[in-house]
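Undergrad: If you scroll down you'll find the structure; I have some questions about it.
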Protein chains: 2
Amino acid sequence: MSRKLSPESETGAVLREQLAYYRERAAEYDQWWLRQGRYDRGPEQKAQWFTEASEVRAALVAFRPGGRVLELACGTGIWTEQLLPFADELTAIDGSREMLAINAGRLRSPSVRYIEADLFRWRPAAEGRFDTIFFGFWLSHVPPERFAAFWNLVASCLAPRGRIFFVDSRYQETSTAVNHVLPERSATVLQRRLNDGREYRLYKIFYDRDELTQRLADLGWSFEITETRNYFLYGAGCRISHETGNG
Amino acid sequence: MSRKLSPESETGAVLREQLAYYRERAAEYDQWWLRQGRYDRGPEQKAQWFTEASEVRAALVAFRPGGRVLELACGTGIWTEQLLPFADELTAIDGSREMLAINAGRLRSPSVRYIEADLFRWRPAAEGRFDTIFFGFWLSHVPPERFAAFWNLVASCLAPRGRIFFVDSRYQETSTAVNHVLPERSATVLQRRLNDGREYRLYKIFYDRDELTQRLADLGWSFEITETRNYFLYGAGCRISHETGNG
């Protein structure tokens, strides 16, 4: 007799699969960012992708990360490297030790502090509060039912007058691998494959800029969210209400 | 009795010191690019540096490297990583095996071919010719007396209708480490230190955009050279005369 999982158990099951996927994918993750292999959609697409990536990097520089910086879901270090020059202290967290190892190998910087932790369980303790919190291509992997709790976690890590910068994916067919099916925009769980064909379920939410701005405002945040032409959406913001709801 | 070196032996002596410096500096090289340690001139300077770096990256994307790509003096891979997505094949050469090891560790890409070779001795043989040749922060380290020979080498590596992109340093005091003295602009040999204080002589020529454009035109090249506000100068060009002089 098969039993239907409760919604919360189902969320947990997908999140475990999501983390397993990123652990296995660590070594091939940068192929996505660098448009290699299955992510290669030809020179026109690459040029557009990297033009937009430069826009996001320039926006991050203009935002001026600074002070004690926290990066959530730091991955292979694509963004950790951008943050490093501006941070007085840099703490980088990821659920995958494989990602952390690649990140550390890439940056070779003794001044980055790495923490291996599942972001759906981690709570800041001894780490203190941070002046800048950054997450790249992470918000889209937070289940809708954990959205408010995630932002409460962010609030609980943020120093007074602290600021947030995030970047994430727009809904764009040519962003993903050629053998990935991009589901309806409203879908929240999709299938992803490793290079070897193994399949995993994960959360991937494509946010609409205006709707996301409003949802964040409802939770007490002020965000300016910008879309690049095809691929990315990035936001810079801060807390406007200092009450933290119950996660 | 001390003997004065002939000019050519003197060039060779400085070039040996230059290569020794970069081999020793490999592990600390990225501190320069990321404005860490001795290169940290404060947040304003960093923001300006990275804004200009984004401009150069965007210009490289707009230039569209492609086909068989050759990177001379690839170093730790700051630019190799930018070239990789656009290259059908990517060959990266450096005189320092320490740099090559860091580069390979950073890119973790089986599709990059690395060659350890002194660029003042290397001649392309089995490598064939390249559609795109790139060099970042290398031209400034070519001795003036080897300038024409260097460009002959570039010509000899270039496929018909091949194109070149380079980026280099403008003469700017805040670009170098706080304990480096920036000599007169017209100087060609200067002293550089490692983090541990050891000193080396090396060539560092700061080119004027118009003068460099003209000198390259005299050698049969057409270059469009652009300066960013403070720090960088980059050029995109091709061969206009197909005669190669004698190095």
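We name chains A, B, ... following the order of the structure tokens; residues begin at 1 in each chain, and ligands are numbered from 1 as shown.
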Return the neighbours of chain A among the residues of chain B, cut-off 6 Å, counting only C-alpha atoms, as a list in words.
TA: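 My answer is Leu34, Arg35, Ala47, Thr51, Ser54, Ala58, Val61, Pro85 and Arg106 of chain B.
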Undergrad: Could you write out the selected residues, including N, CA and C atoms, as a PDB file, in the first residue's frame?
TA:
ATOM      1  N   LEU B  34      42.633  41.034  -7.358  1.00  0.00           N
ATOM      2  CA  LEU B  34      41.508  41.149  -6.420  1.00  0.00           C
ATOM      3  C   LEU B  34      41.713  42.251  -5.382  1.00  0.00           C
ATOM      4  N   ARG B  35      42.790  43.029  -5.552  1.00  0.00           N
ATOM      5  CA  ARG B  35      43.048  44.184  -4.672  1.00  0.00           C
ATOM      6  C   ARG B  35      43.113  43.785  -3.195  1.00  0.00           C
ATOM      7  N   ALA B  47      36.244  49.797  -6.047  1.00  0.00           N
ATOM      8  CA  ALA B  47      35.021  49.918  -6.842  1.00  0.00           C
ATOM      9  C   ALA B  47      35.372  50.408  -8.250  1.00  0.00           C
ATOM     10  N   THR B  51      34.890  48.201 -11.629  1.00  0.00           N
ATOM     11  CA  THR B  51      34.016  48.781 -12.651  1.00  0.00           C
ATOM     12  C   THR B  51      34.746  48.764 -13.996  1.00  0.00           C
ATOM     13  N   SER B  54      35.103  45.260 -15.357  1.00  0.00           N
ATOM     14  CA  SER B  54      33.864  44.833 -16.013  1.00  0.00           C
ATOM     15  C   SER B  54      33.776  45.388 -17.430  1.00  0.00           C
ATOM     16  N   ALA B  58      33.446  43.105 -20.715  1.00  0.00           N
ATOM     17  CA  ALA B  58      32.340  43.314 -21.663  1.00  0.00           C
ATOM     18  C   ALA B  58      32.896  43.564 -23.068  1.00  0.00           C
ATOM     19  N   VAL B  61      33.867  40.262 -24.558  1.00  0.00           N
ATOM     20  CA  VAL B  61      32.679  39.537 -25.027  1.00  0.00           C
ATOM     21  C   VAL B  61      32.208  40.117 -26.364  1.00  0.00           C
ATOM     22  N   PRO B  85      34.610  29.952 -22.690  1.00  0.00           N
ATOM     23  CA  PRO B  85      33.273  29.724 -23.276  1.00  0.00           C
ATOM     24  C   PRO B  85      33.223  29.950 -24.787  1.00  0.00           C
ATOM     25  N   ARG B 106      41.981  26.090 -11.365  1.00  0.00           N
ATOM     26  CA  ARG B 106      40.860  27.023 -11.381  1.00  0.00           C
ATOM     27  C   ARG B 106      39.827  26.623 -12.434  1.00  0.00           C
TER      28      ARG B 106
END
Undergrad: Give me, as a VMD selection string, all polymer residues having an atom no more than 12 Å from Glu184 in chain B, counting only C-alpha atoms and skipping those fewer than 3 positions away in the same chain.
TA: chain B and resid 171 to 173 181 187 to 190 204 to 206
Undergrad: Keeping only N, CA and C atoms, write the selected residues as a short mmCIF file (atom, residue, chain, number, x, y, z; two decimals), in the first residue's frame.
TA:
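Generated file (again28.cif):
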data_model
loop_
_atom_site.label_atom_id
_atom_site.label_comp_id
_atom_site.auth_asym_id
_atom_site.auth_seq_id
_atom_site.Cartn_x
_atom_site.Cartn_y
_atom_site.Cartn_z
N TYR B 171 49.33 53.71 -16.81
CA TYR B 171 50.26 54.26 -15.81
C TYR B 171 49.43 54.91 -14.71
N GLN B 172 49.34 54.25 -13.56
CA GLN B 172 48.45 54.70 -12.49
C GLN B 172 49.05 54.25 -11.17
N GLU B 173 49.33 55.19 -10.33
CA GLU B 173 50.04 54.88 -9.10
C GLU B 173 49.31 53.86 -8.21
N VAL B 181 57.38 51.22 -5.89
CA VAL B 181 57.55 52.59 -6.36
C VAL B 181 57.26 52.59 -7.86
N ALA B 187 60.41 54.98 -17.85
CA ALA B 187 61.27 53.87 -17.42
C ALA B 187 60.76 52.57 -18.03
N THR B 188 61.63 51.61 -18.23
CA THR B 188 61.17 50.34 -18.78
C THR B 188 61.47 49.17 -17.86
N VAL B 189 62.43 49.34 -16.96
CA VAL B 189 62.74 48.28 -16.00
C VAL B 189 62.44 48.81 -14.61
N LEU B 190 61.70 48.03 -13.85
CA LEU B 190 61.43 48.47 -12.49
C LEU B 190 61.58 47.32 -11.51
N LYS B 204 58.41 46.70 -17.43
CA LYS B 204 57.01 47.14 -17.36
C LYS B 204 56.92 48.45 -18.14
N ILE B 205 56.33 48.33 -19.30
CA ILE B 205 56.22 49.49 -20.19
C ILE B 205 54.77 49.97 -20.19
N PHE B 206 54.59 51.23 -19.88
CA PHE B 206 53.24 51.81 -19.90
C PHE B 206 53.06 52.53 -21.22
#
Undergrad: List the spatial neighbours of Leu212 in chain A as a PyMOL selection string - criterion: any atom at most 10 Å away, only C-alpha atoms, same-chain residues fewer than 4 positions off excluded.
TA: chain A and resi 206-208+216-218+223+225+235
Undergrad: Go ahead and save the residues from that selection, with N, CA and C atoms, as a short mmCIF file (atom, residue, chain, number, x, y, z; two decimals), in the first residue's frame.
TA:
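Everything below was put into result_3.cif:
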data_model
loop_
_atom_site.label_atom_id
_atom_site.label_comp_id
_atom_site.auth_asym_id
_atom_site.auth_seq_id
_atom_site.Cartn_x
_atom_site.Cartn_y
_atom_site.Cartn_z
N PHE A 206 10.84 30.72 -10.81
CA PHE A 206 11.19 31.89 -11.62
C PHE A 206 10.30 33.04 -11.18
N TYR A 207 10.93 34.02 -10.58
CA TYR A 207 10.14 35.12 -10.03
C TYR A 207 9.90 36.20 -11.06
N ASP A 208 8.73 36.78 -10.94
CA ASP A 208 8.42 38.00 -11.66
C ASP A 208 8.91 39.16 -10.82
N LEU A 216 8.33 40.80 -1.08
CA LEU A 216 9.39 41.18 -0.13
C LEU A 216 8.94 42.38 0.70
N ALA A 217 8.25 43.30 0.07
CA ALA A 217 7.72 44.47 0.81
C ALA A 217 6.75 44.00 1.89
N ASP A 218 5.92 42.99 1.55
CA ASP A 218 4.96 42.46 2.53
C ASP A 218 5.68 41.85 3.73
N PHE A 223 13.24 46.39 -1.71
CA PHE A 223 14.16 45.89 -2.74
C PHE A 223 13.97 46.62 -4.06
N ILE A 225 14.66 45.69 -7.72
CA ILE A 225 14.97 44.49 -8.50
C ILE A 225 15.06 44.85 -9.98
N GLY A 235 18.68 41.84 -7.28
CA GLY A 235 18.02 42.76 -6.37
C GLY A 235 18.97 43.26 -5.31
#
Undergrad: Where does DSSP see alpha helix (DSSP H) in range 3-232 of chain A, if you list the residues as number ranges by chain?
TA: A: 7-25, 30-33, 43-63, 80-83, 97-107, 147-157, 209-218
Undergrad: Between A:Glu98, A:Glu211, A:Glu224, A:Glu89, single out the one closest to Tyr21 in chain A, counting only C-alpha atoms.
TA: A:Glu98
Undergrad: Of the candidates A:Ala73, A:Ile164, A:Ile133, A:Leu15, which shows the shortest atom-to-atom distance to Arg146 in chain A, using only C-alpha atoms?
TA: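 The answer is A:Leu15, which sits nearest to Arg146 in chain A.
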Undergrad: Which residues in range 11-222 of chain B does DSSP call strand (DSSP E)? List them as a count of residues only.
TA: 47
Undergrad: Which polymer residues have any atom within 10 Å of an atom of Tyr114 in chain B, counting only C-alpha atoms, with same-chain residues fewer than 3 positions away left out, as a VMD selection string?
TA: chain B and resid 71 74 90 to 94 97 100 to 101 103 to 104 111 117
Undergrad: Using only C-alpha atoms, which protein or nucleic acid residues come within 10 Å of Leu202 in chain B? Drop anything in the same chain fewer than 5 positions from it, and give the result as a PyMOL selection string.
TA: chain B and resi 11+13-22+141-143+188-192
Undergrad: Name all residues at most 9 Å from Ser175 in chain A (count only C-alpha atoms; drop same-chain ones fewer than 4 positions away) and give them as a CSV table (one decimal) with all heavy atoms, in the first residue's frame.
TA:
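Output (out.csv):
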chain,number,residue,atom,x,y,z
A,32,TRP,N,27.6,25.2,-16.5
A,32,TRP,CA,26.4,26.0,-16.7
A,32,TRP,C,26.8,27.5,-16.8
A,32,TRP,O,26.4,28.2,-17.8
A,32,TRP,CB,25.5,25.8,-15.5
A,32,TRP,CG,24.5,26.9,-15.3
A,32,TRP,CD1,23.4,27.2,-16.1
A,32,TRP,CD2,24.6,28.0,-14.3
A,32,TRP,NE1,22.8,28.3,-15.6
A,32,TRP,CE2,23.5,28.8,-14.6
A,32,TRP,CE3,25.5,28.3,-13.3
A,32,TRP,CZ2,23.2,30.0,-13.8
A,32,TRP,CZ3,25.2,29.4,-12.5
A,32,TRP,CH2,24.1,30.2,-12.8
A,35,ARG,N,28.8,28.2,-20.0
A,35,ARG,CA,28.1,27.8,-21.2
A,35,ARG,C,28.9,26.7,-22.0
A,35,ARG,O,29.1,26.8,-23.2
A,35,ARG,CB,27.9,29.0,-22.1
A,35,ARG,CG,27.2,30.2,-21.4
A,35,ARG,CD,25.7,30.1,-21.4
A,35,ARG,NE,25.2,29.4,-20.2
A,35,ARG,CZ,24.0,28.9,-20.0
A,35,ARG,NH1,23.1,29.1,-21.0
A,35,ARG,NH2,23.6,28.3,-18.9
A,39,TYR,N,25.3,23.1,-22.0
A,39,TYR,CA,24.8,24.5,-21.8
A,39,TYR,C,25.2,25.4,-22.9
A,39,TYR,O,24.9,26.6,-22.9
A,39,TYR,CB,25.2,25.0,-20.5
A,39,TYR,CG,24.8,24.2,-19.3
A,39,TYR,CD1,25.6,23.2,-18.8
A,39,TYR,CD2,23.6,24.4,-18.7
A,39,TYR,CE1,25.2,22.4,-17.8
A,39,TYR,CE2,23.2,23.6,-17.6
A,39,TYR,CZ,24.0,22.6,-17.2
A,39,TYR,OH,23.6,21.8,-16.1
A,41,ARG,N,24.8,27.0,-26.2
A,41,ARG,CA,23.7,27.2,-27.1
A,41,ARG,C,24.2,28.1,-28.3
A,41,ARG,O,23.5,28.8,-28.9
A,41,ARG,CB,22.6,28.0,-26.4
A,41,ARG,CG,22.1,27.3,-25.2
A,41,ARG,CD,21.0,26.3,-25.6
A,41,ARG,NE,20.3,25.8,-24.4
A,41,ARG,CZ,19.1,25.3,-24.5
A,41,ARG,NH1,18.4,25.2,-25.6
A,41,ARG,NH2,18.5,24.8,-23.4
A,49,TRP,N,24.7,36.1,-22.9
A,49,TRP,CA,24.8,35.7,-21.5
A,49,TRP,C,25.9,36.4,-20.8
A,49,TRP,O,25.8,37.0,-19.7
A,49,TRP,CB,25.1,34.2,-21.5
A,49,TRP,CG,25.4,33.5,-20.2
A,49,TRP,CD1,26.6,33.5,-19.5
A,49,TRP,CD2,24.4,32.8,-19.4
A,49,TRP,NE1,26.4,32.8,-18.4
A,49,TRP,CE2,25.1,32.4,-18.2
A,49,TRP,CE3,23.1,32.5,-19.5
A,49,TRP,CZ2,24.5,31.6,-17.2
A,49,TRP,CZ3,22.5,31.8,-18.5
A,49,TRP,CH2,23.2,31.4,-17.4
A,169,SER,N,18.0,33.5,-11.8
A,169,SER,CA,17.6,33.2,-13.2
A,169,SER,C,16.3,33.8,-13.5
A,169,SER,O,15.3,33.7,-12.8
A,169,SER,CB,17.5,31.7,-13.4
A,169,SER,OG,18.5,31.0,-12.8
A,170,ARG,N,16.2,34.4,-14.7
A,170,ARG,CA,14.9,34.7,-15.3
A,170,ARG,C,14.5,33.4,-16.1
A,170,ARG,O,15.2,32.5,-16.3
A,170,ARG,CB,15.1,35.8,-16.4
A,170,ARG,CG,15.3,37.2,-15.7
A,170,ARG,CD,15.2,38.3,-16.7
A,170,ARG,NE,13.8,38.3,-17.2
A,170,ARG,CZ,13.4,39.1,-18.2
A,170,ARG,NH1,14.3,39.9,-18.9
A,170,ARG,NH2,12.2,39.2,-18.6
A,171,TYR,N,13.2,33.4,-16.4
A,171,TYR,CA,12.6,32.3,-17.1
A,171,TYR,C,13.0,32.4,-18.5
A,171,TYR,O,12.5,33.2,-19.3
A,171,TYR,CB,11.1,32.4,-16.9
A,171,TYR,CG,10.3,31.2,-17.5
A,171,TYR,CD1,10.2,30.0,-16.8
A,171,TYR,CD2,9.6,31.4,-18.7
A,171,TYR,CE1,9.5,29.0,-17.4
A,171,TYR,CE2,8.9,30.3,-19.2
A,171,TYR,CZ,8.8,29.1,-18.6
A,171,TYR,OH,8.1,28.1,-19.1
A,230,ASN,N,17.7,39.0,-21.0
A,230,ASN,CA,17.2,37.7,-21.1
A,230,ASN,C,17.3,36.8,-19.9
A,230,ASN,O,16.4,36.0,-19.6
A,230,ASN,CB,17.9,36.9,-22.2
A,230,ASN,CG,17.6,37.4,-23.6
A,230,ASN,OD1,16.6,38.1,-23.8
A,230,ASN,ND2,18.5,37.1,-24.5
A,231,TYR,N,18.5,36.9,-19.2
A,231,TYR,CA,18.9,35.8,-18.3
A,231,TYR,C,18.8,36.0,-16.8
A,231,TYR,O,18.5,35.1,-16.1
A,231,TYR,CB,20.3,35.3,-18.7
A,231,TYR,CG,20.3,34.7,-20.1
A,231,TYR,CD1,20.9,35.4,-21.1
A,231,TYR,CD2,19.6,33.5,-20.3
A,231,TYR,CE1,20.9,34.9,-22.4
A,231,TYR,CE2,19.6,33.0,-21.6
A,231,TYR,CZ,20.2,33.7,-22.6
A,231,TYR,OH,20.2,33.1,-23.9
